[in-house]
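This is start.txt. It holds compact mmCIF, C-alpha atoms.
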```
# COMPACT_ATOMS: atom_id res chain seq x y z
CA MET A 1 -11.33 16.61 58.47
CA SER A 2 -13.36 14.60 56.00
CA GLY A 3 -12.10 16.83 53.17
CA THR A 4 -8.50 16.17 54.18
CA GLY A 5 -9.18 12.45 54.37
CA SER A 6 -10.73 12.50 50.90
CA ARG A 7 -7.73 14.31 49.46
CA TRP A 8 -5.38 11.78 51.04
CA GLY A 9 -7.51 8.96 49.67
CA TYR A 10 -7.37 10.43 46.16
CA ALA A 11 -3.62 10.97 46.46
CA VAL A 12 -2.95 7.41 47.63
CA THR A 13 -5.23 5.90 44.98
CA GLY A 14 -3.69 8.04 42.23
CA THR A 15 -0.16 7.17 43.33
CA ALA A 16 -0.95 3.45 43.44
CA LEU A 17 -2.48 3.56 39.95
CA ALA A 18 0.48 5.54 38.61
CA ILE A 19 2.93 2.98 39.99
CA LEU A 20 0.82 0.13 38.60
CA PHE A 21 0.81 1.57 35.08
CA LEU A 22 4.34 2.97 35.06
CA PHE A 23 6.11 -0.07 36.52
CA PRO A 24 6.18 -2.16 33.28
CA LEU A 25 7.51 0.81 31.30
CA LEU A 26 10.13 1.65 33.92
CA TRP A 27 11.16 -2.00 34.06
CA SER A 28 11.56 -2.07 30.27
CA GLY A 29 13.65 1.11 30.38
CA TRP A 30 15.88 -0.31 33.09
CA ALA A 31 16.25 -3.68 31.35
CA SER A 32 17.05 -1.99 28.02
CA VAL A 33 20.20 -0.32 29.39
CA ARG A 34 21.31 -3.13 31.72
CA THR A 35 24.24 -5.20 30.46
CA ASP A 36 26.56 -7.82 31.92
CA ALA A 37 29.15 -5.09 32.49
CA GLY A 38 26.72 -2.66 34.09
CA PHE A 39 24.72 -0.15 32.12
CA GLY A 40 25.07 1.03 28.53
CA LEU A 41 23.49 1.22 25.09
CA GLU A 42 24.74 -2.12 23.79
CA ASN A 43 21.21 -3.52 23.73
CA TYR A 44 20.07 -0.72 21.43
CA ASP A 45 23.04 -1.34 19.18
CA ARG A 46 22.07 -5.00 18.84
CA LEU A 47 18.46 -3.99 18.22
CA PHE A 48 19.42 -2.01 15.12
CA THR A 49 22.33 -4.16 13.89
CA ALA A 50 21.24 -7.76 14.47
CA ASP A 51 19.99 -9.85 11.56
CA GLY A 52 16.23 -9.42 11.26
CA GLY A 53 16.30 -6.57 13.76
CA LEU A 54 14.82 -3.11 13.68
CA THR A 55 15.94 -0.72 10.94
CA VAL A 56 15.36 2.92 10.12
CA ARG A 57 13.13 1.77 7.26
CA HIS A 58 10.83 -0.03 9.68
CA VAL A 59 10.54 3.11 11.79
CA LEU A 60 9.76 5.17 8.67
CA ASN A 61 7.12 2.61 7.70
CA SER A 62 5.43 3.10 11.05
CA VAL A 63 5.68 6.88 10.68
CA THR A 64 4.11 6.66 7.22
CA VAL A 65 1.25 4.43 8.36
CA SER A 66 0.61 6.60 11.42
CA ALA A 67 0.64 9.82 9.39
CA LEU A 68 -1.76 8.43 6.78
CA THR A 69 -4.05 7.00 9.46
CA VAL A 70 -4.13 10.21 11.51
CA GLY A 71 -4.68 12.41 8.46
CA GLY A 72 -7.40 10.23 6.97
CA THR A 73 -9.16 9.69 10.30
CA VAL A 74 -9.19 13.38 11.20
CA LEU A 75 -10.43 14.40 7.74
CA VAL A 76 -13.27 11.88 7.48
CA ALA A 77 -14.26 12.11 11.15
CA THR A 78 -14.38 15.91 10.97
CA LEU A 79 -16.64 15.92 7.93
CA GLY A 80 -18.80 13.10 9.31
CA GLY A 81 -19.03 14.66 12.76
CA TYR A 82 -19.91 18.03 11.22
CA ALA A 83 -22.72 16.46 9.22
CA PHE A 84 -24.11 14.45 12.15
CA GLY A 85 -23.72 17.28 14.68
CA ARG A 86 -24.91 20.33 12.72
CA PHE A 87 -27.30 19.15 9.98
CA ARG A 88 -30.66 17.41 10.01
CA PHE A 89 -31.40 14.95 7.21
CA PRO A 90 -33.57 11.85 6.80
CA GLY A 91 -32.10 8.78 8.45
CA ARG A 92 -29.41 10.73 10.33
CA ASP A 93 -29.89 8.98 13.67
CA VAL A 94 -30.14 5.53 12.09
CA LEU A 95 -26.98 6.09 10.07
CA PHE A 96 -25.17 7.34 13.17
CA LEU A 97 -26.22 4.26 15.15
CA LEU A 98 -25.08 2.00 12.31
CA THR A 99 -21.71 3.76 12.39
CA LEU A 100 -21.40 3.13 16.12
CA ALA A 101 -22.50 -0.48 15.66
CA ILE A 102 -19.21 -1.16 13.89
CA LEU A 103 -17.59 -0.90 17.34
CA MET A 104 -19.31 -4.15 18.29
CA VAL A 105 -17.65 -6.10 15.47
CA PRO A 106 -14.26 -7.60 16.45
CA TYR A 107 -12.00 -6.31 13.71
CA ALA A 108 -9.97 -9.53 13.66
CA THR A 109 -12.99 -11.35 12.27
CA VAL A 110 -13.05 -9.25 9.08
CA LEU A 111 -9.34 -8.89 8.38
CA ILE A 112 -9.25 -11.82 5.97
CA ALA A 113 -12.16 -10.35 4.00
CA LEU A 114 -10.39 -6.99 3.97
CA TYR A 115 -7.21 -8.69 2.75
CA VAL A 116 -9.16 -10.09 -0.21
CA LEU A 117 -10.74 -6.68 -0.84
CA LEU A 118 -7.36 -4.98 -0.84
CA GLY A 119 -6.21 -7.58 -3.36
CA TRP A 120 -9.03 -6.58 -5.69
CA LEU A 121 -8.01 -2.93 -5.27
CA ARG A 122 -4.33 -3.75 -5.94
CA LEU A 123 -3.45 -2.50 -2.46
CA GLU A 124 -2.37 -5.78 -0.89
CA ASP A 125 0.94 -5.76 0.96
CA SER A 126 1.04 -1.95 0.94
CA LEU A 127 1.28 0.72 3.60
CA VAL A 128 -1.57 2.63 1.97
CA GLY A 129 -3.86 -0.40 2.17
CA LEU A 130 -2.93 -0.98 5.80
CA SER A 131 -3.63 2.69 6.56
CA LEU A 132 -7.07 2.49 4.94
CA VAL A 133 -7.97 -0.49 7.12
CA LEU A 134 -6.80 1.28 10.27
CA ILE A 135 -8.75 4.41 9.29
CA MET A 136 -11.89 2.33 8.85
CA PHE A 137 -11.63 0.88 12.34
CA GLN A 138 -10.91 4.29 13.87
CA LEU A 139 -13.90 6.02 12.30
CA PRO A 140 -16.77 4.89 14.59
CA PHE A 141 -15.16 6.25 17.75
CA SER A 142 -13.72 9.27 15.95
CA VAL A 143 -17.04 10.24 14.31
CA PHE A 144 -18.72 9.84 17.70
CA MET A 145 -16.18 12.18 19.30
CA MET A 146 -16.41 14.81 16.56
CA ARG A 147 -20.19 14.66 16.34
CA ASN A 148 -20.50 15.43 20.05
CA SER A 149 -17.77 18.08 19.85
CA PHE A 150 -19.62 19.92 17.08
CA ALA A 151 -22.97 19.49 18.85
CA ALA A 152 -21.56 21.17 21.98
CA VAL A 153 -20.66 24.40 20.11
CA PRO A 154 -23.39 27.07 20.53
CA ARG A 155 -25.37 27.52 17.33
CA GLU A 156 -25.30 31.29 17.81
CA LEU A 157 -21.68 31.32 16.62
CA GLU A 158 -22.64 29.56 13.41
CA GLU A 159 -25.70 31.72 12.83
CA SER A 160 -23.70 34.92 13.33
CA ALA A 161 -21.17 33.83 10.74
CA GLN A 162 -23.92 32.90 8.29
CA VAL A 163 -25.53 36.32 8.74
CA ASP A 164 -22.19 37.83 7.76
CA GLY A 165 -22.29 35.78 4.55
CA ALA A 166 -20.16 32.77 5.48
CA THR A 167 -20.89 29.47 3.73
CA SER A 168 -21.11 26.12 5.49
CA VAL A 169 -17.49 25.40 4.55
CA GLY A 170 -16.43 28.83 5.78
CA VAL A 171 -18.23 28.31 9.08
CA LEU A 172 -16.53 24.94 9.47
CA LEU A 173 -13.03 26.25 8.74
CA ARG A 174 -13.16 29.61 10.52
CA ILE A 175 -15.57 29.11 13.41
CA LEU A 176 -16.14 25.46 14.28
CA LEU A 177 -12.72 23.88 13.81
CA PRO A 178 -11.02 26.22 16.33
CA ALA A 179 -13.90 25.55 18.74
CA VAL A 180 -13.55 21.75 18.50
CA ARG A 181 -9.75 21.67 18.63
CA PRO A 182 -9.68 19.50 21.80
CA GLY A 183 -11.84 16.93 20.03
CA LEU A 184 -9.57 16.99 16.99
CA VAL A 185 -6.52 16.45 19.19
CA THR A 186 -8.22 13.54 20.95
CA VAL A 187 -9.15 11.87 17.66
CA ALA A 188 -5.66 12.40 16.23
CA LEU A 189 -3.96 11.08 19.35
CA PHE A 190 -6.11 7.95 19.48
CA ALA A 191 -5.49 7.33 15.78
CA PHE A 192 -1.75 7.70 16.23
CA LEU A 193 -1.52 5.45 19.29
CA THR A 194 -3.59 2.75 17.58
CA SER A 195 -1.71 2.82 14.28
CA TRP A 196 1.75 3.09 15.85
CA ASN A 197 1.19 0.16 18.21
CA GLU A 198 -0.99 -2.01 15.94
CA PHE A 199 0.33 -5.54 15.48
CA PHE A 200 -2.39 -7.86 14.26
CA ALA A 201 -3.50 -5.91 11.16
CA PRO A 202 0.07 -5.47 9.82
CA LEU A 203 0.74 -9.15 10.55
CA ILE A 204 -2.16 -10.17 8.30
CA LEU A 205 -1.93 -7.48 5.61
CA LEU A 206 1.85 -7.11 5.12
CA ASN A 207 4.00 -9.81 3.56
CA SER A 208 7.23 -8.06 2.53
CA THR A 209 9.88 -7.69 5.24
CA GLU A 210 10.92 -4.26 3.95
CA LYS A 211 7.36 -3.02 4.56
CA PHE A 212 7.16 -4.24 8.16
CA THR A 213 6.29 -1.73 10.86
CA THR A 214 8.24 -1.46 14.12
CA THR A 215 5.95 -3.88 15.94
CA LEU A 216 6.44 -6.58 13.30
CA ALA A 217 10.17 -5.93 13.11
CA VAL A 218 10.62 -6.35 16.86
CA VAL A 219 8.60 -9.58 16.88
CA ASN A 220 10.51 -10.78 13.80
CA MET A 221 13.74 -10.22 15.71
CA ARG A 222 12.40 -12.34 18.54
CA THR A 223 11.70 -15.27 16.22
CA ALA A 224 14.89 -14.95 14.15
CA GLY A 225 17.35 -16.07 16.79
CA HIS A 226 17.23 -19.84 16.10
CA GLY A 227 15.67 -20.58 19.46
CA SER A 228 17.63 -17.98 21.48
CA ILE A 229 15.78 -14.82 22.46
CA ASP A 230 17.66 -11.60 23.17
CA TYR A 231 15.33 -10.24 25.80
CA ALA A 232 17.48 -7.18 26.48
CA ALA A 233 17.31 -6.10 22.83
CA LEU A 234 13.57 -6.73 22.85
CA GLU A 235 13.20 -4.45 25.86
CA ALA A 236 15.14 -1.82 23.91
CA GLY A 237 12.61 -2.26 21.10
CA VAL A 238 9.75 -1.75 23.53
CA VAL A 239 11.31 1.52 24.68
CA VAL A 240 11.83 2.69 21.09
CA MET A 241 8.16 2.05 20.35
CA ALA A 242 6.94 3.67 23.57
CA VAL A 243 8.96 6.90 23.48
CA PRO A 244 7.03 8.60 20.61
CA CYS A 245 3.72 7.76 22.31
CA LEU A 246 4.87 9.18 25.64
CA LEU A 247 6.26 12.36 24.10
CA LEU A 248 3.18 13.01 22.00
CA PHE A 249 0.82 12.35 24.89
CA ALA A 250 2.83 14.60 27.21
CA PHE A 251 2.78 17.38 24.62
CA LEU A 252 -0.96 17.10 23.89
CA GLN A 253 -2.33 15.93 27.22
CA ARG A 254 -3.97 19.27 28.07
CA SER A 255 -5.96 19.35 24.84
CA TYR A 256 -6.62 15.62 25.16
CA VAL A 257 -8.19 16.02 28.61
CA ARG A 258 -10.21 19.02 27.43
CA GLY A 259 -11.50 16.92 24.56
CA PHE A 260 -13.26 14.69 27.09
CA THR A 261 -14.33 17.39 29.55
CA SER A 262 -15.45 20.27 27.33
CA GLY A 263 -17.97 18.63 25.07
CA ALA A 264 -16.42 15.57 23.43
CA LEU A 265 -18.59 13.28 25.52
CA LYS A 266 -21.65 15.48 25.77
CA GLY A 267 -24.60 14.09 23.87
```

Reformat the file's structure so that it appears as structure tokens.
Amino acid sequence: MSGTGSRWGYAVTGTALAILFLFPLLWSGWASVRTDAGFGLENYDRLFTADGGLTVRHVLNSVTVSALTVGGTVLVATLGGYAFGRFRFPGRDVLFLLTLAILMVPYATVLIALYVLLGWLRLEDSLVGLSLVLIMFQLPFSVFMMRNSFAAVPRELEESAQVDGATSVGVLLRILLPAVRPGLVTVALFAFLTSWNEFFAPLILLNSTEKFTTTLAVVNMRTAGHGSIDYAALEAGVVVMAVPCLLLFAFLQRSYVRGFTSGALKG
């Protein structure tokens, strides 16, 4: 009887949490297709055709920033996690703790300094510069995930490959990367969600309207109406920004969950 009661308790709690988190998204979806005449796609039409509204270029800017951020984060976090998780070298633990310490620094406090640094590098007001900043802020968590993912792989697999003549790079590519795939998916998904939805960093680092991401374009539309706000079109913009995240998460959720349960959080 107690087992049945526990299952009912879990079911009720899970349902309540699902409703709590899904309600804002469902409300935005409903509001985005609601018009004075009933329901339709007029709000989406205004979103993409209004002055200062969302354009295909803005969407492509977000895709570019997200792709660069995901690729750079996965590459650097994989190499860093491999080094921290499989090799011993002087100062390894101290360097790893310093990497994690970056998580304690509010990134908004260093954006102005990063803006100046990007100016010195001739990367101000550029999607590449924005991507580098987002990669930097993703690395502490991502390196932590990949380090623990690599550390959870039995060393016997690596030693067997080395006996067969495989180099460290060969072991990484042929043996370890397939074994830590859930961790890679988790890192990539977090990097995508952060870069796709990021607002504050693009607001500070981007000046040209044609380089705006979707988040900036939607907010720009809100402030370009001479005091009148088209809330229905804004809700359509929220849906446009949320759909890629939902689809990607639904497609990768199995690997994402495994990334947390099969070694990504094992120290």

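The nearest approach to Glu159 in chain A among the residues A:Ile204, A:Leu132, A:Ala50, A:Leu176, with all atoms listed in the file taken into account, belongs to A:Leu176.
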
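Residue neighbourhood of Asp125 in chain A, excluding near-sequence residues (fewer than 3 positions): Gly129, Leu130, Leu205, Leu206, Asn207, Ser208 and Lys211 of chain A, at 8 Å, using all atoms listed in the file.
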
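Nearest residue to Glu210 in chain A, choosing from A:Leu118, A:Val74, A:Val56, A:Leu234 and counting only C-alpha atoms: A:Val56.
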
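Excluding range 92-101 of chain A itself and any same-chain residue fewer than 4 positions from it, the protein and nucleic acid residues within 8 Å of it, counting all atoms listed in the file, are Phe84, Arg88, Val105, Pro140, Phe141 and Phe144 of chain A.
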
At most 12 Å from (3.3, -0.1, 10.9), file frame, all atoms listed in the file: which residues, as a ChimeraX atom specification?
/A:57-69,125-131,133-134,192-206,209-218,241

For range 146-157 of chain A: contacts at 10 Å, all atoms listed in the file, fewer than 2 positions along chain excluded, given as a PDB file with C-alpha atoms, in the frame of the given file:
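Result file is selection.pdb:
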```
ATOM      1  CA  VAL A  74      -9.190  13.380  11.200  1.00  0.00           C
ATOM      2  CA  ALA A  77     -14.260  12.110  11.150  1.00  0.00           C
ATOM      3  CA  THR A  78     -14.380  15.910  10.970  1.00  0.00           C
ATOM      4  CA  LEU A  79     -16.640  15.920   7.930  1.00  0.00           C
ATOM      5  CA  GLY A  80     -18.800  13.100   9.310  1.00  0.00           C
ATOM      6  CA  GLY A  81     -19.030  14.660  12.760  1.00  0.00           C
ATOM      7  CA  TYR A  82     -19.910  18.030  11.220  1.00  0.00           C
ATOM      8  CA  ALA A  83     -22.720  16.460   9.220  1.00  0.00           C
ATOM      9  CA  PHE A  84     -24.110  14.450  12.150  1.00  0.00           C
ATOM     10  CA  GLY A  85     -23.720  17.280  14.680  1.00  0.00           C
ATOM     11  CA  ARG A  86     -24.910  20.330  12.720  1.00  0.00           C
ATOM     12  CA  PHE A  87     -27.300  19.150   9.980  1.00  0.00           C
ATOM     13  CA  PHE A  96     -25.170   7.340  13.170  1.00  0.00           C
ATOM     14  CA  PHE A 141     -15.160   6.250  17.750  1.00  0.00           C
ATOM     15  CA  SER A 142     -13.720   9.270  15.950  1.00  0.00           C
ATOM     16  CA  VAL A 143     -17.040  10.240  14.310  1.00  0.00           C
ATOM     17  CA  PHE A 144     -18.720   9.840  17.700  1.00  0.00           C
ATOM     18  CA  GLU A 159     -25.700  31.720  12.830  1.00  0.00           C
ATOM     19  CA  SER A 160     -23.700  34.920  13.330  1.00  0.00           C
ATOM     20  CA  ALA A 161     -21.170  33.830  10.740  1.00  0.00           C
ATOM     21  CA  GLN A 162     -23.920  32.900   8.290  1.00  0.00           C
ATOM     22  CA  VAL A 171     -18.230  28.310   9.080  1.00  0.00           C
ATOM     23  CA  LEU A 172     -16.530  24.940   9.470  1.00  0.00           C
ATOM     24  CA  ILE A 175     -15.570  29.110  13.410  1.00  0.00           C
ATOM     25  CA  LEU A 176     -16.140  25.460  14.280  1.00  0.00           C
ATOM     26  CA  LEU A 177     -12.720  23.880  13.810  1.00  0.00           C
ATOM     27  CA  ALA A 179     -13.900  25.550  18.740  1.00  0.00           C
ATOM     28  CA  VAL A 180     -13.550  21.750  18.500  1.00  0.00           C
ATOM     29  CA  ARG A 181      -9.750  21.670  18.630  1.00  0.00           C
ATOM     30  CA  PRO A 182      -9.680  19.500  21.800  1.00  0.00           C
ATOM     31  CA  GLY A 183     -11.840  16.930  20.030  1.00  0.00           C
ATOM     32  CA  LEU A 184      -9.570  16.990  16.990  1.00  0.00           C
ATOM     33  CA  THR A 186      -8.220  13.540  20.950  1.00  0.00           C
ATOM     34  CA  VAL A 187      -9.150  11.870  17.660  1.00  0.00           C
ATOM     35  CA  GLY A 259     -11.500  16.920  24.560  1.00  0.00           C
ATOM     36  CA  PHE A 260     -13.260  14.690  27.090  1.00  0.00           C
ATOM     37  CA  SER A 262     -15.450  20.270  27.330  1.00  0.00           C
ATOM     38  CA  GLY A 263     -17.970  18.630  25.070  1.00  0.00           C
ATOM     39  CA  ALA A 264     -16.420  15.570  23.430  1.00  0.00           C
ATOM     40  CA  LEU A 265     -18.590  13.280  25.520  1.00  0.00           C
ATOM     41  CA  LYS A 266     -21.650  15.480  25.770  1.00  0.00           C
ATOM     42  CA  GLY A 267     -24.600  14.090  23.870  1.00  0.00           C
TER      43      GLY A 267
END
```

d(CA of Gly40 in chain A, CA of Cys245 in chain A) in Å
23.2 Å

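When CA of Thr73 in chain A is paired with CA of Met136 in chain A, their separation reads 8.0 Å.
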
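Counting all atoms listed in the file, the residue from A:Val240, A:Leu26, A:Ala233, A:Thr15 that sits nearest to Glu42 in chain A is A:Ala233.
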
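Reported to one decimal place, the separation of CA of Ala188 in chain A from CA of Val70 in chain A is 5.4 Å.
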
Return the single residue from A:Tyr115, A:Tyr231, A:Phe137, A:Trp120 that is closest to Ile102 in chain A, with distances computed using only C-alpha atoms.
A:Phe137

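Residue nearest Val239 in chain A, chosen from A:Ala31, A:Val185, A:Leu173, A:Leu20 and counting all atoms listed in the file: A:Ala31.
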
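Among the candidates A:Gly71, A:Leu123, A:Glu158, A:Leu111, the residue lying nearest to Leu139 in chain A is A:Gly71 (atoms considered: only C-alpha atoms).
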
Radius query 12 Å about (16.9, -8.1, 25.1), atoms used: all atoms listed in the file, as a compact mmCIF listing (two decimals) with C-alpha atoms, in the coordinates of the input:
```txt
# COMPACT_ATOMS: atom_id res chain seq x y z
CA SER A 28 11.56 -2.07 30.27
CA GLY A 29 13.65 1.11 30.38
CA TRP A 30 15.88 -0.31 33.09
CA ALA A 31 16.25 -3.68 31.35
CA SER A 32 17.05 -1.99 28.02
CA VAL A 33 20.20 -0.32 29.39
CA ARG A 34 21.31 -3.13 31.72
CA THR A 35 24.24 -5.20 30.46
CA ASP A 36 26.56 -7.82 31.92
CA LEU A 41 23.49 1.22 25.09
CA GLU A 42 24.74 -2.12 23.79
CA ASN A 43 21.21 -3.52 23.73
CA TYR A 44 20.07 -0.72 21.43
CA ASP A 45 23.04 -1.34 19.18
CA ARG A 46 22.07 -5.00 18.84
CA LEU A 47 18.46 -3.99 18.22
CA PHE A 48 19.42 -2.01 15.12
CA ALA A 50 21.24 -7.76 14.47
CA GLY A 53 16.30 -6.57 13.76
CA VAL A 218 10.62 -6.35 16.86
CA VAL A 219 8.60 -9.58 16.88
CA MET A 221 13.74 -10.22 15.71
CA ARG A 222 12.40 -12.34 18.54
CA GLY A 225 17.35 -16.07 16.79
CA SER A 228 17.63 -17.98 21.48
CA ILE A 229 15.78 -14.82 22.46
CA ASP A 230 17.66 -11.60 23.17
CA TYR A 231 15.33 -10.24 25.80
CA ALA A 232 17.48 -7.18 26.48
CA ALA A 233 17.31 -6.10 22.83
CA LEU A 234 13.57 -6.73 22.85
CA GLU A 235 13.20 -4.45 25.86
CA ALA A 236 15.14 -1.82 23.91
CA GLY A 237 12.61 -2.26 21.10
CA VAL A 238 9.75 -1.75 23.53
CA VAL A 239 11.31 1.52 24.68
```

Mind completing range 78-100 of chain A with N, CA and C atoms? Output as a PDB file, in the coordinates of the input, please?
```
ATOM      1  N   THR A  78     -13.950  14.509  10.882  1.00  0.00           N
ATOM      2  CA  THR A  78     -14.380  15.910  10.970  1.00  0.00           C
ATOM      3  C   THR A  78     -15.581  16.168  10.086  1.00  0.00           C
ATOM      4  N   LEU A  79     -15.514  15.717   8.834  1.00  0.00           N
ATOM      5  CA  LEU A  79     -16.640  15.920   7.930  1.00  0.00           C
ATOM      6  C   LEU A  79     -17.878  15.151   8.389  1.00  0.00           C
ATOM      7  N   GLY A  80     -17.667  13.886   8.826  1.00  0.00           N
ATOM      8  CA  GLY A  80     -18.800  13.100   9.310  1.00  0.00           C
ATOM      9  C   GLY A  80     -19.388  13.668  10.580  1.00  0.00           C
ATOM     10  N   GLY A  81     -18.527  14.067  11.526  1.00  0.00           N
ATOM     11  CA  GLY A  81     -19.030  14.660  12.760  1.00  0.00           C
ATOM     12  C   GLY A  81     -19.738  15.971  12.527  1.00  0.00           C
ATOM     13  N   TYR A  82     -19.250  16.760  11.579  1.00  0.00           N
ATOM     14  CA  TYR A  82     -19.910  18.030  11.220  1.00  0.00           C
ATOM     15  C   TYR A  82     -21.302  17.767  10.668  1.00  0.00           C
ATOM     16  N   ALA A  83     -21.418  16.776   9.797  1.00  0.00           N
ATOM     17  CA  ALA A  83     -22.720  16.460   9.220  1.00  0.00           C
ATOM     18  C   ALA A  83     -23.690  15.938  10.274  1.00  0.00           C
ATOM     19  N   PHE A  84     -23.227  15.015  11.122  1.00  0.00           N
ATOM     20  CA  PHE A  84     -24.110  14.450  12.150  1.00  0.00           C
ATOM     21  C   PHE A  84     -24.448  15.467  13.238  1.00  0.00           C
ATOM     22  N   GLY A  85     -23.517  16.364  13.551  1.00  0.00           N
ATOM     23  CA  GLY A  85     -23.720  17.280  14.680  1.00  0.00           C
ATOM     24  C   GLY A  85     -24.419  18.568  14.341  1.00  0.00           C
ATOM     25  N   ARG A  86     -24.377  19.001  13.049  1.00  0.00           N
ATOM     26  CA  ARG A  86     -24.910  20.330  12.720  1.00  0.00           C
ATOM     27  C   ARG A  86     -26.033  20.316  11.690  1.00  0.00           C
ATOM     28  N   PHE A  87     -26.269  19.192  11.018  1.00  0.00           N
ATOM     29  CA  PHE A  87     -27.300  19.150   9.980  1.00  0.00           C
ATOM     30  C   PHE A  87     -28.361  18.114  10.346  1.00  0.00           C
ATOM     31  N   ARG A  88     -29.570  18.363   9.866  1.00  0.00           N
ATOM     32  CA  ARG A  88     -30.660  17.410  10.010  1.00  0.00           C
ATOM     33  C   ARG A  88     -31.020  16.881   8.619  1.00  0.00           C
ATOM     34  N   PHE A  89     -31.046  15.564   8.483  1.00  0.00           N
ATOM     35  CA  PHE A  89     -31.400  14.950   7.210  1.00  0.00           C
ATOM     36  C   PHE A  89     -32.047  13.601   7.494  1.00  0.00           C
ATOM     37  N   PRO A  90     -32.858  13.115   6.563  1.00  0.00           N
ATOM     38  CA  PRO A  90     -33.570  11.850   6.800  1.00  0.00           C
ATOM     39  C   PRO A  90     -32.608  10.693   7.071  1.00  0.00           C
ATOM     40  N   GLY A  91     -32.908   9.941   8.113  1.00  0.00           N
ATOM     41  CA  GLY A  91     -32.100   8.780   8.450  1.00  0.00           C
ATOM     42  C   GLY A  91     -30.817   9.101   9.190  1.00  0.00           C
ATOM     43  N   ARG A  92     -30.662  10.341   9.676  1.00  0.00           N
ATOM     44  CA  ARG A  92     -29.410  10.730  10.330  1.00  0.00           C
ATOM     45  C   ARG A  92     -29.129   9.869  11.551  1.00  0.00           C
ATOM     46  N   ASP A  93     -30.113   9.722  12.431  1.00  0.00           N
ATOM     47  CA  ASP A  93     -29.890   8.980  13.670  1.00  0.00           C
ATOM     48  C   ASP A  93     -29.634   7.496  13.397  1.00  0.00           C
ATOM     49  N   VAL A  94     -30.351   6.940  12.423  1.00  0.00           N
ATOM     50  CA  VAL A  94     -30.140   5.530  12.090  1.00  0.00           C
ATOM     51  C   VAL A  94     -28.745   5.320  11.522  1.00  0.00           C
ATOM     52  N   LEU A  95     -28.315   6.213  10.648  1.00  0.00           N
ATOM     53  CA  LEU A  95     -26.980   6.090  10.070  1.00  0.00           C
ATOM     54  C   LEU A  95     -25.905   6.249  11.131  1.00  0.00           C
ATOM     55  N   PHE A  96     -26.148   7.144  12.090  1.00  0.00           N
ATOM     56  CA  PHE A  96     -25.170   7.340  13.170  1.00  0.00           C
ATOM     57  C   PHE A  96     -25.080   6.094  14.044  1.00  0.00           C
ATOM     58  N   LEU A  97     -26.220   5.486  14.345  1.00  0.00           N
ATOM     59  CA  LEU A  97     -26.220   4.260  15.150  1.00  0.00           C
ATOM     60  C   LEU A  97     -25.548   3.113  14.401  1.00  0.00           C
ATOM     61  N   LEU A  98     -25.750   3.029  13.093  1.00  0.00           N
ATOM     62  CA  LEU A  98     -25.080   2.000  12.310  1.00  0.00           C
ATOM     63  C   LEU A  98     -23.566   2.204  12.327  1.00  0.00           C
ATOM     64  N   THR A  99     -23.145   3.473  12.306  1.00  0.00           N
ATOM     65  CA  THR A  99     -21.710   3.760  12.390  1.00  0.00           C
ATOM     66  C   THR A  99     -21.141   3.289  13.718  1.00  0.00           C
ATOM     67  N   LEU A 100     -21.864   3.569  14.801  1.00  0.00           N
ATOM     68  CA  LEU A 100     -21.400   3.130  16.120  1.00  0.00           C
ATOM     69  C   LEU A 100     -21.450   1.612  16.265  1.00  0.00           C
TER      70      LEU A 100
END
```
